[in-house]
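J.: Quick one: the structure is below, questions incoming.
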Amino acid sequence: TPPDLIRNFCIIAHIDHGKSTLADRMLQITGVVDQRAMRAQYLDRMDIERERGITIKSQAVRMPWEADGTTYCLNMIDTPGHVDFTYEVSRSLAACEGAVLLVDAAQGIEAQTLANLYLAMENDLTIVPVLNKIDLPSAQPEKYAEELAGLIGCDPSEVLQVSGKTGVGVEPLLDEIVRQLPAPQGDADAPARAMIFDSVYDTYRGVVTYVRVIDGSLSPRERIEMMSTGAIHELLEIGVSSPEPKPSDGLGVGEVGYLITGVKDVRQSRVGDTVTTARRGATTALGGYRDPKPMVYSGLYPIDGSDYPILRDALDKLKLNDAALVYEPETSVALGFGFRIGFLGMLHLEIVRERLEREFDLDLISTLPSVVYDVRLDDGQTVTVTNPSEFPDGKVSAITEPVVRGTILAPSEFIGAVMELCQSRRGTLRGMDYLSPERVEMRYTLPLAEIVFDFFDALKSKTRGYASLDYEPDGEQEADLVKVDVLLQGDKVDAFSNIVHRDKAYAYGVSMATKLKELIPRQQFEVPIQAAIGTRVIARENIRAIRKDVLAKCYGGDISRKRKLLEKQKEGKKRMKMVGSVEVPQEAFIAALSQD
Ligand code: GTP
């Protein structure tokens with residue numbers, strides 16, 4: 001297809017504003033999926049995605065569309081919809097010339113609408129503003145058309161109104177995409193350069209790499225080079241999705257399609273990388289490539305220690321499909337053998353854990369998630385700490401923690417509540433804008449550690465569910481952080497060590513000590529529980545001693561019954577962990593680590 005007949009676009013929206021429904025409707029209206037074959041949410045292939053209603057992996061679909069008597073080729077590139085995947089979103093956007101900015105006509109603009117709009121603007125995309133769900137009785141199209149127009153600086157009459165559900169307005173929207181979006185530009189005679197915006201592992205075909213050709217062209221059976229690593233692969237198949245994969249005889253400037261090379265690991269085909277030809281290839285890669293960088297680390301342990309090899313094999317398999325997943329073996333006094341795993345964020349952690357439990361039938365326990373700290377020692381050396389129990393004991397001169405730039409959108413009556421929450425999470429207000437008299441956008445710099453775990457829930461509960469949040473990494477800052485250890489009868493329990501701000505150390509210590517006092521059964525002797533910073537104890541509880549005599553229940557001489565009881569007690573002990581001389585049931589660790 002010649003570039004002037006191509007339009008590459010994506011749909012950006014806040015979660016639940018109806019992106020997938022609209023995408024499905026477009027597939028149906030352009031005739032690439034017939035109604036009978038149309039599964040709900042065609043683009044969301046993975047079970048977990050569908051159940052959670054989120055899109056993790058982006059994909060592209062080619063659709064024909066006739067406007068003014070000419071048939072155009074529309075490539076719709078799906079973008080993932082969660083903060084953990086901002087980098088993948090930015091690469092999907094970089095593959096497009098324009099974006100449909102979709103806003104629920106009953107909800108208005110939300111934080112993710114803004115965050116995605118900013119990303120689209122950074123990539124110089126043409127924005128087509130659209131209100132969705134106008135069929136809803138609660139829709140307020142005039143009000144929100146004005147809000148949206150004010151935001152992007154157009155006239156409210158230029159805001160399109162559609163319903164992905166009924167199909168109203170979708171055909172005019174496709175016409176506008178053709179009319180407003182620029183055709184792709186590139187040098188057809190230059191060496192090939194194609195940007196990878198997605199890469200998916202397929203059991204049968206190996207890695208399927210989705211690319212957008214910027215310059216030159218790629219043909220079947222050519223040898224290609226991944227420019228970030230210099231690795232060379234044979235191109236076994238090249239094609240387009242419409243939406244089923246269809247081999248083609250090549251991809252030219254502006255085209256979007258997939259490549260199959262037979263590699264088995266998505267790490268060999270990284271999002272953001274540039275593909276060129278092995279012979280007479282390009283010398284300069286396209287900008288914007290970045291290695292995926294884990295933001296949150298957590299230990300994952302099998303509840304049944306004998307499942308360790310299964311966990312190891314499962315991680316090896318998941319890795320093929322997930323370039324951001326990193327892990328190494330780890331042992332814990334409390335939990336035995338497991339792995340330290342790096343994740344892009346909390347959602348990524350939940351998804352990985354859920355897949356391990358569901359697809360590999362494992363029961364797992366995860367330790368307190370930790371962000372990545374840089375600890376500078378007095379001798380000038382810097383250590384990177386991803387596990388609180390590895391926090392250096394020596395003299396520390398400075399600690400830096402990752403921070404994010406957060407965008408919070410809320411009705412203006414909640415400004416006070418949002419400020420209070422952000423302040424309690426060590427946030428710094430960077431700016432505030434009214435989108436309308438009732439709605440305000442607040443921009444904060446916040447420590448990642450303060451928001452990854454439960455910030456979103458706290459925000460929702462303080463604003464009766466009306467606030468929305470989005471954030472992206474924004475470097476590091478120095479902070480007054482300390483490591484709090486938890487000790488049972490003087491012995492450290494590694495899984496409970498945590499790095500927290502000095503002002504919050506006491507609260508953490510007290511809550512851990514209280515929790516453990518309830519969870520750990522009494523022993524033959526008194527057991528002190530302490531929380532400490534270095535050698536200084538900041539909280540203390542005692543578990544009083546008892547003498548537990550199982551045999552007391554048996555009257556008289558029934559020896560076989562006695563033996564049975566002793567056997568039972570022995571078995572119970574197997575599931576006990578020894579911390580020093582203290583017996584702790586594994587359940588106590590699990591309960592103490594579960595977040596409430
Ligand atoms: P993610 O892809 O998970 O980010 O969400 P999404 O933005 O794709 O939303 P999705 O298409 O899953 O729609 C969210 C909800 O809104 C679903 O319950 C849809 O049935 C509903 N919905 C989507 N479009 C419309 C519409 O035009 N009208 C009405 N009434 N409901 C809609």
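All residue names refer to the structure tokens as shown: chains lettered A, B, ... in order, residues numbered from 1 in each chain, ligands numbered from 1 in order.
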Can you pull out every residue within 6 Å of region 162-171 of chain A, counting only C-alpha atoms, but drop anything in the same chain fewer than 6 positions away, and send it as a PyMOL selection string?

T.: chain A and resi 21-22+132-134

J.: For Asp393 (chain A), list every protein, DNA or RNA residue within 12 Å, evaluated using only C-alpha atoms, and leave out those in the same chain fewer than 6 positions away; present the list as a VMD selection string.

T.: chain A and resid 375 to 378 383 482 to 485 533 to 535

J.: I want to know what sits within 10 Å of Leu593 (chain A), based on only C-alpha atoms, with residues of the same chain fewer than 3 positions away left out; could you give that as a PyMOL selection string?

T.: chain A and resi 365-369+495-496+512+515+587-590+596

J.: Would you export the selected residues with all heavy atoms as a compact mmCIF listing (two decimals), in the first residue's frame, please?

T.:
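After the write, again-v9.txt holds the following:
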# COMPACT_ATOMS: atom_id res chain seq x y z
N ILE A 365 3.61 -17.56 48.28
CA ILE A 365 3.55 -16.45 49.22
C ILE A 365 4.55 -15.39 48.73
O ILE A 365 5.65 -15.73 48.31
CB ILE A 365 3.87 -16.92 50.66
CG1 ILE A 365 4.14 -15.74 51.59
CG2 ILE A 365 5.08 -17.84 50.72
CD1 ILE A 365 2.92 -15.12 52.12
N SER A 366 4.13 -14.13 48.71
CA SER A 366 5.08 -13.09 48.29
C SER A 366 5.45 -12.22 49.48
O SER A 366 4.63 -11.96 50.35
CB SER A 366 4.50 -12.25 47.15
OG SER A 366 3.21 -11.80 47.45
N THR A 367 6.69 -11.79 49.51
CA THR A 367 7.15 -10.95 50.62
C THR A 367 6.80 -9.50 50.35
O THR A 367 6.35 -9.15 49.26
CB THR A 367 8.67 -11.07 50.81
OG1 THR A 367 9.30 -10.61 49.61
CG2 THR A 367 9.08 -12.51 51.08
N LEU A 368 7.00 -8.64 51.36
CA LEU A 368 6.71 -7.22 51.21
C LEU A 368 7.41 -6.68 49.97
O LEU A 368 8.62 -6.85 49.82
CB LEU A 368 7.25 -6.45 52.41
CG LEU A 368 6.65 -6.75 53.78
CD1 LEU A 368 7.45 -6.03 54.85
CD2 LEU A 368 5.19 -6.32 53.81
N PRO A 369 6.69 -6.06 49.05
CA PRO A 369 7.33 -5.51 47.87
C PRO A 369 8.27 -4.35 48.25
O PRO A 369 8.00 -3.64 49.20
CB PRO A 369 6.17 -4.98 47.02
CG PRO A 369 4.93 -5.51 47.65
CD PRO A 369 5.24 -5.79 49.07
N ALA A 495 12.26 -11.93 56.31
CA ALA A 495 11.12 -11.56 55.46
C ALA A 495 10.37 -10.34 55.97
O ALA A 495 9.60 -9.74 55.24
CB ALA A 495 10.16 -12.74 55.33
N PHE A 496 10.59 -9.95 57.23
CA PHE A 496 9.86 -8.82 57.78
C PHE A 496 10.66 -7.53 57.80
O PHE A 496 10.15 -6.49 58.22
CB PHE A 496 9.37 -9.12 59.20
CG PHE A 496 8.40 -10.26 59.27
CD1 PHE A 496 8.39 -11.11 60.35
CD2 PHE A 496 7.50 -10.47 58.23
CE1 PHE A 496 7.48 -12.16 60.42
CE2 PHE A 496 6.59 -11.52 58.29
CZ PHE A 496 6.59 -12.37 59.38
N MET A 512 3.89 -4.50 63.13
CA MET A 512 4.43 -5.84 62.93
C MET A 512 4.46 -6.63 64.25
O MET A 512 4.07 -7.80 64.30
CB MET A 512 5.86 -5.74 62.38
CG MET A 512 6.07 -6.09 60.95
SD MET A 512 4.67 -6.64 60.03
CE MET A 512 5.36 -7.84 59.00
N LYS A 515 0.91 -7.63 65.24
CA LYS A 515 0.40 -8.70 64.37
C LYS A 515 0.99 -10.04 64.77
O LYS A 515 0.28 -11.03 64.91
CB LYS A 515 0.84 -8.40 62.93
CG LYS A 515 -0.28 -7.94 62.01
CD LYS A 515 0.20 -8.11 60.57
CE LYS A 515 -0.19 -6.96 59.70
NZ LYS A 515 0.39 -7.01 58.37
N GLU A 587 1.89 -20.57 58.55
CA GLU A 587 0.71 -19.71 58.39
C GLU A 587 0.91 -18.33 59.02
O GLU A 587 0.39 -17.35 58.51
CB GLU A 587 -0.55 -20.33 59.03
CG GLU A 587 -1.14 -21.49 58.26
CD GLU A 587 -0.39 -22.77 58.59
OE1 GLU A 587 0.03 -22.96 59.74
OE2 GLU A 587 -0.20 -23.56 57.66
N ALA A 588 1.65 -18.29 60.12
CA ALA A 588 1.84 -17.00 60.79
C ALA A 588 2.62 -16.04 59.89
O ALA A 588 2.31 -14.86 59.79
CB ALA A 588 2.57 -17.18 62.11
N PHE A 589 3.64 -16.59 59.20
CA PHE A 589 4.40 -15.74 58.28
C PHE A 589 3.51 -15.25 57.15
O PHE A 589 3.53 -14.10 56.75
CB PHE A 589 5.57 -16.52 57.66
CG PHE A 589 6.68 -16.76 58.63
CD1 PHE A 589 7.10 -18.04 58.91
CD2 PHE A 589 7.30 -15.69 59.26
CE1 PHE A 589 8.13 -18.27 59.79
CE2 PHE A 589 8.33 -15.91 60.16
CZ PHE A 589 8.75 -17.21 60.43
N ILE A 590 2.73 -16.19 56.62
CA ILE A 590 1.87 -15.86 55.49
C ILE A 590 0.86 -14.78 55.89
O ILE A 590 0.69 -13.79 55.20
CB ILE A 590 1.16 -17.12 54.96
CG1 ILE A 590 2.22 -18.08 54.41
CG2 ILE A 590 0.14 -16.77 53.89
CD1 ILE A 590 1.71 -19.46 54.07
N ASP A 596 -3.35 -6.06 54.38
CA ASP A 596 -4.79 -5.88 54.62
C ASP A 596 -5.22 -4.47 54.30
O ASP A 596 -4.48 -3.65 53.88
CB ASP A 596 -5.10 -6.23 56.08
CG ASP A 596 -3.91 -6.07 56.98
OD1 ASP A 596 -3.42 -4.93 57.09
OD2 ASP A 596 -3.44 -7.08 57.55

J.: Write out as a VMD selection string each polymer residue whose atoms come within 10 Å of Tyr301 (chain A), counting only C-alpha atoms; drop sequence neighbours fewer than 4 positions from it.

T.: chain A and resid 305 307 to 308 311 329 to 332 335 to 340 362 to 367

J.: As a count of residues only, which residues of region 55-197 of chain A does DSSP assign to helix (DSSP H, G or I)?

T.: 50

J.: Nearest residue to Ala282 (chain A) out of A:Thr209, A:Ser217, A:Ser511, A:Gln161, using only C-alpha atoms?

T.: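 Smallest separation from Ala282 (chain A) among the options: A:Ser217.
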
J.: Can I get the residues of region 444-476 of chain A within 12 Å of region 118-127 of chain A, each with the closest pair of atoms and their distance in Å to one decimal, using only C-alpha atoms, sorted chain first then ascending number, as JSON lines?

T.:
{"residue": "A:Asp470", "atom": "CA", "partner": "A:Tyr118", "partner_atom": "CA", "distance": 11.5}
{"residue": "A:Tyr471", "atom": "CA", "partner": "A:Tyr118", "partner_atom": "CA", "distance": 11.6}
{"residue": "A:Glu472", "atom": "CA", "partner": "A:Leu119", "partner_atom": "CA", "distance": 10.5}

J.: Please provide as an MDAnalysis selection string all residues within 10 Å of Asp433 (chain A), with the sequence filter that same-chain residues fewer than 5 positions apart are discarded (counting only C-alpha atoms).

T.: chainID A and resid 409 439:443

J.: Have a look at atom 18 (O, counted along the ligand's line) of ligand 1 and CA of Asp16 (chain A) and let me know their distance in Å, one decimal.

T.: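 CA of Asp16 (chain A) lies at a distance of 7.0 Å from atom 18 (O, counted along the ligand's line) of ligand 1.
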
J.: Find the distance between CA of Asp361 (chain A) and CA of Ile310 (chain A) and write it in Å to one decimal.

T.: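 Interatomic distance here is 9.2 Å.
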
J.: Could you check which of A:Ala95, A:Leu435, A:Val500, A:Ile196 is closest to Glu147 (chain A), using only C-alpha atoms?

T.: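 Closest to Glu147 (chain A) of all the choices is A:Leu435.
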
J.: So that I can check the secondary structure, give me every residue of region 3-164 of chain A assigned strand (DSSP E) by backbone DSSP, as an NGL selection string.

T.: :A and (6-13 or 60-67 or 70-77 or 98-104 or 126-132 or 160-161)

J.: From the list A:Leu101, A:Ala531, A:Cys96, A:Val403, which residue is nearest ligand 1 when using only C-alpha atoms and all ligand atoms?

T.: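 With only C-alpha atoms and all ligand atoms as the atom set, the closest residue is A:Leu101.
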
J.: Within 12 Å of Gly465 (chain A), counting only C-alpha atoms, which residues show up once you throw out same-chain ones fewer than 4 positions away? Write them as an MDAnalysis selection string, please.

T.: chainID A and resid 409:411 414 418 456:461 469

J.: For each of A:Lys317, A:Arg355, A:Arg212, A:Lys492, take the minimum atom-to-atom distance to Glu97 (chain A), counting only C-alpha atoms, then give the residue where this is smallest.

T.: A:Arg212
